[in-house]
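What follows is the content of coords20.txt (compact mmCIF, C-alpha atoms).
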```txt
# COMPACT_ATOMS: atom_id res chain seq x y z
CA MET A 1 36.55 37.69 2.35
CA ALA A 2 32.84 38.56 2.57
CA LEU A 3 31.59 40.38 -0.53
CA LYS A 4 28.88 43.01 -0.07
CA CYS A 5 27.81 43.33 -3.72
CA ASP A 6 24.69 41.31 -4.63
CA VAL A 7 23.58 42.33 -8.12
CA GLN A 8 20.64 39.92 -8.10
CA TYR A 9 18.83 42.08 -5.55
CA GLY A 10 19.00 45.04 -7.94
CA LYS A 11 15.91 46.44 -9.61
CA GLY A 12 14.54 44.63 -12.67
CA SER A 13 15.07 46.49 -15.92
CA SER A 14 11.54 46.32 -17.34
CA GLY A 15 9.21 45.67 -14.42
CA PHE A 16 7.98 42.24 -15.53
CA LYS A 17 7.76 39.36 -13.10
CA LEU A 18 9.09 36.00 -14.29
CA THR A 19 7.32 32.68 -13.84
CA LYS A 20 10.38 30.42 -13.66
CA VAL A 21 14.06 31.14 -13.18
CA GLY A 22 16.59 28.52 -12.23
CA VAL A 23 18.89 25.73 -13.32
CA SER A 24 18.21 22.69 -15.48
CA GLY A 25 19.92 19.40 -16.17
CA VAL A 26 21.87 19.23 -12.88
CA ARG A 27 22.88 15.59 -12.45
CA LYS A 28 23.23 13.93 -9.04
CA PRO A 29 22.99 10.34 -7.79
CA VAL A 30 20.58 9.78 -4.92
CA LEU A 31 20.01 6.81 -2.65
CA ILE A 32 16.48 5.64 -1.95
CA GLU A 33 14.96 2.97 0.27
CA ARG A 34 14.19 -0.31 -1.49
CA ALA A 35 12.83 -3.51 -0.04
CA ASP A 36 15.50 -5.78 -1.57
CA ASN A 37 18.45 -3.40 -0.83
CA SER A 38 20.01 -4.16 -4.22
CA PRO A 39 22.57 -1.43 -5.04
CA LEU A 40 21.30 -1.14 -8.61
CA ASN A 41 17.76 -0.63 -7.34
CA ARG A 42 18.72 1.88 -4.64
CA VAL A 43 21.03 4.26 -6.52
CA ILE A 44 19.20 6.46 -9.02
CA ASN A 45 21.11 8.76 -11.35
CA CYS A 46 18.90 11.82 -11.68
CA SER A 47 18.70 15.01 -13.70
CA PHE A 48 17.16 17.93 -11.78
CA ASP A 49 15.44 21.09 -13.02
CA ILE A 50 15.00 23.60 -10.19
CA TYR A 51 13.06 26.85 -10.62
CA VAL A 52 11.51 29.68 -8.59
CA ASP A 53 9.44 32.63 -9.69
CA LEU A 54 10.94 36.12 -9.60
CA PRO A 55 9.13 39.34 -8.60
CA ALA A 56 9.14 42.29 -10.97
CA ALA A 57 11.20 44.43 -8.60
CA GLN A 58 14.14 42.03 -8.50
CA ARG A 59 16.74 41.73 -11.25
CA GLY A 60 17.92 38.16 -10.77
CA SER A 61 17.49 34.93 -8.87
CA HIS A 62 20.25 33.37 -6.78
CA LEU A 63 20.90 30.28 -8.90
CA SER A 64 23.66 28.93 -6.67
CA ARG A 65 21.11 28.45 -3.89
CA ASN A 66 19.29 25.89 -6.05
CA VAL A 67 22.44 23.82 -6.49
CA GLU A 68 23.31 24.16 -2.79
CA VAL A 69 19.94 22.74 -1.76
CA LEU A 70 20.28 19.87 -4.23
CA ARG A 71 23.80 19.04 -3.09
CA GLN A 72 22.74 19.03 0.55
CA VAL A 73 19.72 16.73 0.18
CA ALA A 74 21.52 14.41 -2.28
CA GLU A 75 24.51 13.98 0.02
CA GLU A 76 22.24 13.35 3.00
CA THR A 77 20.80 10.29 1.23
CA ALA A 78 24.23 8.61 1.48
CA SER A 79 23.72 8.16 5.23
CA LYS A 80 19.92 8.22 5.29
CA PRO A 81 18.30 7.04 2.05
CA ALA A 82 15.22 8.96 0.94
CA LYS A 83 11.84 7.24 0.95
CA SER A 84 11.44 8.18 -2.71
CA VAL A 85 12.73 10.67 -5.26
CA GLN A 86 9.43 12.57 -5.14
CA ASP A 87 9.73 12.92 -1.35
CA LEU A 88 13.26 14.20 -1.89
CA ALA A 89 11.81 16.80 -4.26
CA VAL A 90 9.28 17.83 -1.60
CA GLU A 91 12.12 18.40 0.87
CA MET A 92 13.93 20.48 -1.72
CA VAL A 93 10.84 22.65 -2.26
CA LYS A 94 10.62 23.38 1.46
CA ASN A 95 14.30 24.34 1.63
CA LEU A 96 14.13 26.46 -1.53
CA LEU A 97 11.24 28.50 -0.14
CA VAL A 98 13.51 29.37 2.79
CA LYS A 99 16.55 30.10 0.62
CA HIS A 100 14.60 32.24 -1.86
CA GLU A 101 12.70 34.51 0.51
CA TYR A 102 11.35 36.55 -2.45
CA ALA A 103 9.82 33.55 -4.28
CA GLU A 104 6.15 32.61 -4.08
CA ASN A 105 6.40 29.42 -6.15
CA VAL A 106 9.04 26.68 -6.40
CA TYR A 107 9.31 23.86 -8.95
CA VAL A 108 11.53 20.76 -8.87
CA ASN A 109 11.41 18.34 -11.80
CA VAL A 110 13.38 15.09 -11.85
CA LEU A 111 14.15 12.43 -14.45
CA GLY A 112 16.04 9.36 -13.29
CA ASP A 113 17.34 5.98 -14.46
CA TYR A 114 15.27 3.49 -12.50
CA TYR A 115 15.91 -0.26 -12.34
CA LYS A 116 13.34 -2.91 -11.45
CA SER A 117 13.86 -6.62 -10.94
CA THR A 118 11.40 -8.70 -12.92
CA LYS A 119 11.05 -11.99 -14.80
CA THR A 120 10.78 -12.84 -18.48
CA PRO A 121 7.73 -14.79 -19.75
CA GLN A 122 9.69 -18.02 -19.21
CA GLY A 123 10.61 -17.07 -15.64
CA ARG A 124 14.20 -15.87 -16.10
CA ASP A 125 15.39 -13.15 -13.70
CA THR A 126 16.17 -9.82 -15.35
CA LEU A 127 16.85 -6.25 -14.27
CA GLU A 128 15.04 -3.76 -16.50
CA ILE A 129 15.55 -0.01 -16.86
CA TYR A 130 12.80 2.62 -16.87
CA THR A 131 12.67 6.40 -16.80
CA LEU A 132 11.48 7.69 -13.45
CA ILE A 133 9.48 10.92 -13.57
CA ALA A 134 9.31 12.72 -10.23
CA GLY A 135 9.09 16.18 -8.76
CA ALA A 136 7.31 18.64 -6.54
CA ASN A 137 5.97 22.17 -6.67
CA GLY A 138 5.06 24.37 -3.75
CA THR A 139 3.76 27.81 -2.85
CA ARG A 140 4.55 30.25 -0.09
CA ASP A 141 1.18 29.52 1.54
CA GLY A 142 2.32 25.95 2.29
CA GLN A 143 0.61 23.93 -0.44
CA ILE A 144 2.98 21.32 -1.90
CA TRP A 145 2.13 18.84 -4.63
CA LYS A 146 4.37 15.98 -5.66
CA THR A 147 4.62 14.04 -8.89
CA VAL A 148 5.55 10.42 -9.55
CA GLY A 149 5.49 8.64 -12.86
CA VAL A 150 7.30 6.41 -15.30
CA ASP A 151 8.14 5.92 -18.96
CA ALA A 152 7.95 2.19 -19.73
CA ILE A 153 9.04 0.85 -23.11
CA GLY A 154 6.88 -2.00 -24.36
CA MET A 155 5.56 -3.51 -27.57
CA SER A 156 2.30 -2.90 -29.37
CA ALA A 157 0.85 -4.85 -32.28
CA CYS A 158 -1.59 -3.32 -34.77
CA PRO A 159 -5.12 -4.79 -34.80
CA CYS A 160 -6.05 -3.19 -38.13
CA ALA A 161 -3.14 -4.69 -40.08
CA GLN A 162 -3.79 -8.05 -38.44
CA GLU A 163 -7.38 -8.10 -39.64
CA THR A 164 -6.38 -6.88 -43.10
CA VAL A 165 -3.76 -9.60 -43.50
CA GLY A 166 -6.32 -12.24 -42.54
CA GLU A 167 -8.74 -10.95 -45.15
CA MET A 168 -6.08 -10.78 -47.87
CA LEU A 169 -4.98 -14.35 -47.15
CA ASN A 170 -8.58 -15.60 -46.81
CA VAL A 171 -7.78 -16.97 -43.38
CA GLU A 172 -10.46 -17.11 -40.69
CA ASN A 173 -9.81 -18.41 -37.18
CA PRO A 174 -6.40 -19.92 -37.94
CA GLY A 175 -5.96 -21.07 -34.34
CA PHE A 176 -2.94 -18.84 -33.80
CA PRO A 177 -2.42 -15.06 -33.82
CA MET A 178 -2.25 -13.66 -37.35
CA MET A 179 0.81 -11.66 -38.39
CA THR A 180 0.75 -7.88 -38.12
CA HIS A 181 3.18 -5.00 -37.85
CA ASN A 182 4.37 -4.03 -34.37
CA GLN A 183 5.98 -1.08 -32.66
CA ARG A 184 8.16 -0.13 -29.75
CA ASN A 185 5.66 1.72 -27.58
CA ILE A 186 6.55 4.16 -24.80
CA CYS A 187 3.73 4.24 -22.27
CA SER A 188 3.92 7.07 -19.74
CA ILE A 189 1.86 7.24 -16.54
CA VAL A 190 2.25 10.25 -14.24
CA LEU A 191 0.29 11.13 -11.10
CA THR A 192 0.38 14.49 -9.29
CA MET A 193 -0.99 14.56 -5.76
CA ASP A 194 -0.78 16.15 -2.33
CA GLN A 195 2.58 15.66 -0.61
CA SER A 196 0.98 13.40 2.02
CA ILE A 197 -0.01 10.73 -0.53
CA ASN A 198 2.35 7.90 -1.46
CA VAL A 199 2.26 5.93 -4.70
CA GLU A 200 4.86 3.25 -5.44
CA VAL A 201 6.64 3.64 -8.77
CA ASP A 202 6.89 -0.15 -9.19
CA ASP A 203 3.09 -0.30 -9.27
CA LEU A 204 2.97 2.35 -12.01
CA ILE A 205 5.49 0.33 -14.04
CA ASP A 206 3.25 -2.73 -13.74
CA LEU A 207 0.23 -0.75 -14.93
CA ALA A 208 2.13 0.75 -17.86
CA GLU A 209 3.34 -2.68 -18.98
CA LYS A 210 -0.17 -4.10 -18.70
CA SER A 211 -1.43 -1.27 -20.91
CA VAL A 212 0.69 -2.23 -23.95
CA SER A 213 0.45 -5.42 -26.01
CA SER A 214 3.45 -6.92 -24.23
CA PRO A 215 6.37 -5.86 -22.04
CA ILE A 216 9.81 -6.17 -23.61
CA TYR A 217 13.11 -7.24 -22.05
CA GLU A 218 16.85 -6.74 -22.42
CA LEU A 219 17.69 -10.45 -22.25
CA LEU A 220 15.55 -12.92 -24.18
CA LYS A 221 16.38 -16.53 -24.94
CA ARG A 222 14.54 -18.13 -27.85
CA GLU A 223 11.58 -19.36 -25.83
CA ASP A 224 11.18 -15.90 -24.30
CA GLU A 225 11.35 -14.24 -27.73
CA GLY A 226 8.60 -16.49 -29.00
CA SER A 227 6.45 -15.82 -25.94
CA VAL A 228 6.79 -12.03 -26.28
CA VAL A 229 5.80 -12.12 -29.96
CA ILE A 230 2.87 -14.48 -29.41
CA ASN A 231 1.62 -12.55 -26.38
CA ALA A 232 1.75 -9.23 -28.24
CA HIS A 233 -0.06 -10.58 -31.30
CA ASN A 234 -2.73 -12.08 -29.07
CA ASN A 235 -3.21 -8.64 -27.49
CA THR A 236 -3.23 -6.16 -30.39
CA LYS A 237 -3.69 -2.49 -29.49
CA PHE A 238 -3.95 0.86 -31.21
CA VAL A 239 -2.04 3.75 -29.67
CA GLU A 240 -5.42 4.94 -28.36
CA ASP A 241 -6.10 1.55 -26.78
CA VAL A 242 -2.88 1.81 -24.75
CA VAL A 243 -3.93 5.14 -23.22
CA ARG A 244 -7.46 3.93 -22.46
CA ALA A 245 -6.12 0.75 -20.89
CA GLY A 246 -3.83 2.81 -18.67
CA LEU A 247 -6.70 5.07 -17.59
CA THR A 248 -8.88 2.07 -16.78
CA LEU A 249 -6.16 0.35 -14.77
CA ILE A 250 -5.42 3.51 -12.78
CA THR A 251 -9.10 4.03 -11.98
CA HIS A 252 -9.55 0.41 -10.86
CA ASN A 253 -6.30 0.15 -8.89
CA TYR A 254 -6.36 3.46 -7.00
CA THR A 255 -9.83 3.51 -5.50
CA ASP A 256 -8.39 4.89 -2.24
CA LEU A 257 -6.88 8.03 -3.79
CA PRO A 258 -8.80 11.34 -3.66
CA ASP A 259 -10.60 12.78 -6.68
CA ASP A 260 -8.21 15.72 -7.05
CA VAL A 261 -5.20 13.57 -8.03
CA ASP A 262 -4.10 14.60 -11.52
CA VAL A 263 -3.56 11.74 -13.98
CA PHE A 264 -1.55 11.82 -17.20
CA VAL A 265 -1.25 8.84 -19.55
CA SER A 266 0.40 8.88 -22.97
CA SER A 267 1.34 6.36 -25.64
CA ASP A 268 4.09 7.12 -28.16
CA SER A 269 4.28 4.43 -30.81
CA GLU A 270 7.43 4.20 -32.93
CA GLU A 271 5.85 2.86 -36.11
CA SER A 272 7.48 0.06 -38.10
CA ILE A 273 5.72 0.55 -41.47
CA HIS A 274 5.48 4.36 -41.34
CA LYS A 275 8.18 7.01 -41.18
CA HIS A 276 6.24 8.83 -38.47
CA ASN A 277 5.13 7.94 -34.95
CA ALA A 278 1.59 7.60 -33.63
CA TYR A 279 0.72 9.36 -30.37
CA ALA A 280 -2.17 9.68 -27.92
CA GLU A 281 -2.56 11.12 -24.42
CA ARG A 282 -5.10 12.07 -21.77
CA SER A 283 -4.91 14.42 -18.79
CA ALA A 284 -7.69 14.43 -16.19
CA THR A 285 -8.36 14.32 -12.49
CA LEU A 286 -9.05 10.95 -10.95
CA GLY A 287 -12.54 12.18 -10.12
CA GLU A 288 -13.24 12.94 -13.79
CA LEU A 289 -12.03 9.50 -14.82
CA ARG A 290 -14.22 7.82 -12.19
CA GLU A 291 -17.25 9.72 -13.45
CA GLU A 292 -16.56 8.78 -17.07
CA LEU A 293 -16.01 5.15 -16.17
CA ALA A 294 -19.32 5.03 -14.29
CA GLN A 295 -21.10 6.57 -17.30
CA ASN A 296 -19.49 4.03 -19.63
CA ILE A 297 -20.65 1.16 -17.42
CA LYS A 298 -24.23 2.54 -17.43
CA ALA A 299 -24.16 2.81 -21.22
CA LEU A 300 -23.31 -0.89 -21.68
```

I need this file expressed as structure tokens, please.
Amino acid sequence: MALKCDVQYGKGSSGFKLTKVGVSGVRKPVLIERADNSPLNRVINCSFDIYVDLPAAQRGSHLSRNVEVLRQVAEETASKPAKSVQDLAVEMVKNLLVKHEYAENVYVNVLGDYYKSTKTPQGRDTLEIYTLIAGANGTRDGQIWKTVGVDAIGMSACPCAQETVGEMLNVENPGFPMMTHNQRNICSIVLTMDQSINVEVDDLIDLAEKSVSSPIYELLKREDEGSVVINAHNNTKFVEDVVRAGLTLITHNYTDLPDDVDVFVSSDSEESIHKHNAYAERSATLGELREELAQNIKAL
């Protein structure tokens, strides 16, 4: 039976437009293309937030349309895997602009469990988990931006405590890295760019892990444990150092990207000798970072 009543199209009660209306935390598995075709690498369990803006004259948004679009594109990946989660989000934005004819802006945000094959310091194969950050936002005039990023958990070792310990023990140049306190550090790198640009999430993971004192791993035999600890204490970093390292690596590794790419890097350090965390971040366009880097080089 076709129902004629559609309360959402009724008049808004107070005449205010709304910036975002939608659904959040909708979980769906999606299939993406991967070079090695490993099932664990291809299937990503994702949580979707899907929003549109709402004009002042309209009472409500049609939330079921958001879920319908998600279900359709997610199920299509079973027979035709998506190139990436961010490209899937772009497709959703295009469909949502059709479904919500009253909306001028659409937002799709995605968090996913992402697995990457890698090796421990001693060369053992391991499959590590990361948080994939993806999404897209678009406007009625056709502009669509997509986002790709990652949260990578690593290890950081404090340079200040290391120097202090050396002074207190009257040890200079011991020939091995001095003890210090260390932290589990979450390094986040997120890029937002035009929908036509492609950035591989595996590359962002590599940059995030190079930004911290050392990557960490689920499976470590004794030799690997020793290598991780030694490597981290040979590469001490403040929370600020992690962010600056990430910014430098992005600027050096993405020379082909346009200046208007938005860059976000953060470092959240879960302190071991404090009851609080340490945190640092930076947001800038790639063009701004390139200009700052050039100025820094001139100043040396």

Subject >> Which residue of A:Tyr107, A:Tyr115, A:Tyr130, A:Phe16 approaches Trp145 (chain A) most closely, using all atoms listed in the file >> reply: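 Among A:Tyr107, A:Tyr115, A:Tyr130, A:Phe16, it is A:Tyr107 that comes nearest to Trp145 (chain A).
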
Original post:
Looking at A:Ser227, A:Asn253, A:Ser214, A:Asn185, which one is nearest to Ser272 (chain A), with distances taken over all atoms listed in the file?
Top reply: A:Asn185

Original post:
Can you list, as a ChimeraX atom specification, every protein, DNA or RNA residue that comes within 8 Å of Tyr217 (chain A) when you count only C-alpha atoms, leaving out same-chain residues fewer than 3 positions away?
Top reply: /A:120,126,128,220

How close does each residue of region 179-290 of chain A get to region 72-95 of chain A, giving the shortest atom pair and distance in Å to one decimal for every residue with an atom at most 12 Å away, counting all atoms listed in the file, sorted by chain and residue number, as a Markdown table?
```
| residue | atom | partner | partner_atom | distance |
| --- | --- | --- | --- | --- |
| A:Val190 | CA | A:Gln86 | CA | 11.8 |
| A:Leu191 | CA | A:Gln86 | CA | 11.0 |
| A:Thr192 | CA | A:Gln86 | CA | 10.1 |
| A:Met193 | CA | A:Gln86 | CA | 10.6 |
| A:Asp194 | CA | A:Val90 | CA | 10.2 |
| A:Gln195 | CA | A:Val90 | CA | 7.1 |
| A:Ser196 | CA | A:Asp87 | CA | 9.4 |
| A:Ile197 | CA | A:Asp87 | CA | 10.0 |
| A:Asn198 | CA | A:Asp87 | CA | 8.9 |
| A:Val199 | CA | A:Ser84 | CA | 9.7 |
| A:Glu200 | CA | A:Ser84 | CA | 8.7 |
| A:Val201 | CA | A:Ser84 | CA | 9.0 |
| A:Asp202 | CA | A:Ser84 | CA | 11.5 |
```

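Our summary of the geometry notes that CA of Ser188 (chain A) is positioned 23.6 Å from CA of Ile230 (chain A).
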
Original post:
How far is it from CA of Val261 (chain A) to CA of Val212 (chain A), in Å with one decimal?
Top reply: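 Separation of CA of Val261 (chain A) and CA of Val212 (chain A): 23.2 Å.
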
**OP:** Find the residue from A:Ala232, A:Met155, A:Ile44, A:Val148 that sits nearest to Met178 (chain A); use all atoms listed in the file when measuring.
**Re:** A:Ala232

Mind filling out region 140-151 of chain A with all heavy atoms and sending it as a short mmCIF file (atom, residue, chain, number, x, y, z; two decimals), keeping the file's coordinate frame?
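Below is the file result-v8.cif, written as the result:
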```
data_model
loop_
_atom_site.label_atom_id
_atom_site.label_comp_id
_atom_site.auth_asym_id
_atom_site.auth_seq_id
_atom_site.Cartn_x
_atom_site.Cartn_y
_atom_site.Cartn_z
N ARG A 140 4.21 29.62 -1.36
CA ARG A 140 4.55 30.25 -0.09
C ARG A 140 3.49 29.99 0.98
O ARG A 140 3.80 29.97 2.18
CB ARG A 140 4.70 31.76 -0.33
CG ARG A 140 5.08 32.58 0.87
CD ARG A 140 6.44 32.26 1.42
NE ARG A 140 7.53 32.49 0.46
CZ ARG A 140 8.80 32.18 0.70
NH1 ARG A 140 9.13 31.62 1.85
NH2 ARG A 140 9.72 32.41 -0.21
N ASP A 141 2.25 29.74 0.57
CA ASP A 141 1.18 29.52 1.54
C ASP A 141 1.21 28.11 2.14
O ASP A 141 0.37 27.77 2.98
CB ASP A 141 -0.18 29.81 0.93
CG ASP A 141 -0.54 28.88 -0.23
OD1 ASP A 141 0.18 27.88 -0.43
OD2 ASP A 141 -1.52 29.16 -0.93
N GLY A 142 2.14 27.27 1.68
CA GLY A 142 2.32 25.95 2.29
C GLY A 142 1.81 24.78 1.49
O GLY A 142 2.05 23.63 1.85
N GLN A 143 1.10 25.02 0.39
CA GLN A 143 0.61 23.93 -0.44
C GLN A 143 1.75 23.32 -1.25
O GLN A 143 2.45 24.03 -1.97
CB GLN A 143 -0.49 24.43 -1.39
CG GLN A 143 -1.03 23.36 -2.33
CD GLN A 143 -1.81 22.28 -1.60
OE1 GLN A 143 -2.77 22.55 -0.89
NE2 GLN A 143 -1.38 21.03 -1.75
N ILE A 144 1.95 22.02 -1.13
CA ILE A 144 2.98 21.32 -1.90
C ILE A 144 2.36 20.10 -2.56
O ILE A 144 1.70 19.28 -1.90
CB ILE A 144 4.18 20.89 -1.02
CG1 ILE A 144 4.85 22.12 -0.39
CG2 ILE A 144 5.18 20.09 -1.84
CD1 ILE A 144 6.03 21.77 0.52
N TRP A 145 2.57 20.00 -3.86
CA TRP A 145 2.13 18.84 -4.63
C TRP A 145 3.36 18.08 -5.10
O TRP A 145 4.38 18.69 -5.43
CB TRP A 145 1.31 19.29 -5.84
CG TRP A 145 -0.01 19.87 -5.48
CD1 TRP A 145 -0.26 21.13 -5.03
CD2 TRP A 145 -1.28 19.22 -5.53
NE1 TRP A 145 -1.60 21.31 -4.78
CE2 TRP A 145 -2.26 20.14 -5.09
CE3 TRP A 145 -1.69 17.95 -5.90
CZ2 TRP A 145 -3.60 19.84 -5.01
CZ3 TRP A 145 -3.04 17.63 -5.84
CH2 TRP A 145 -3.97 18.57 -5.39
N LYS A 146 3.25 16.76 -5.13
CA LYS A 146 4.37 15.98 -5.66
C LYS A 146 3.91 15.12 -6.83
O LYS A 146 2.72 14.81 -6.98
CB LYS A 146 5.01 15.11 -4.57
CG LYS A 146 4.15 13.99 -4.02
CD LYS A 146 4.91 13.27 -2.91
CE LYS A 146 4.09 12.15 -2.30
NZ LYS A 146 4.77 11.52 -1.15
N THR A 147 4.89 14.78 -7.66
CA THR A 147 4.62 14.04 -8.89
C THR A 147 5.45 12.76 -8.90
O THR A 147 6.61 12.76 -8.52
CB THR A 147 5.00 14.89 -10.12
OG1 THR A 147 4.14 16.03 -10.18
CG2 THR A 147 4.86 14.09 -11.40
N VAL A 148 4.83 11.68 -9.34
CA VAL A 148 5.55 10.42 -9.55
C VAL A 148 5.00 9.77 -10.81
O VAL A 148 3.79 9.76 -11.05
CB VAL A 148 5.42 9.47 -8.34
CG1 VAL A 148 3.97 9.14 -8.03
CG2 VAL A 148 6.23 8.20 -8.57
N GLY A 149 5.91 9.28 -11.63
CA GLY A 149 5.49 8.64 -12.86
C GLY A 149 6.61 7.85 -13.48
O GLY A 149 7.71 7.75 -12.93
N VAL A 150 6.33 7.28 -14.65
CA VAL A 150 7.30 6.41 -15.30
C VAL A 150 7.08 6.40 -16.80
O VAL A 150 5.95 6.55 -17.27
CB VAL A 150 7.19 4.97 -14.73
CG1 VAL A 150 5.85 4.35 -15.09
CG2 VAL A 150 8.33 4.10 -15.21
N ASP A 151 8.18 6.28 -17.54
CA ASP A 151 8.14 5.92 -18.96
C ASP A 151 8.54 4.46 -19.05
O ASP A 151 9.65 4.09 -18.64
CB ASP A 151 9.13 6.74 -19.79
CG ASP A 151 8.70 8.19 -19.96
OD1 ASP A 151 7.51 8.49 -19.74
OD2 ASP A 151 9.56 9.02 -20.30
#
```
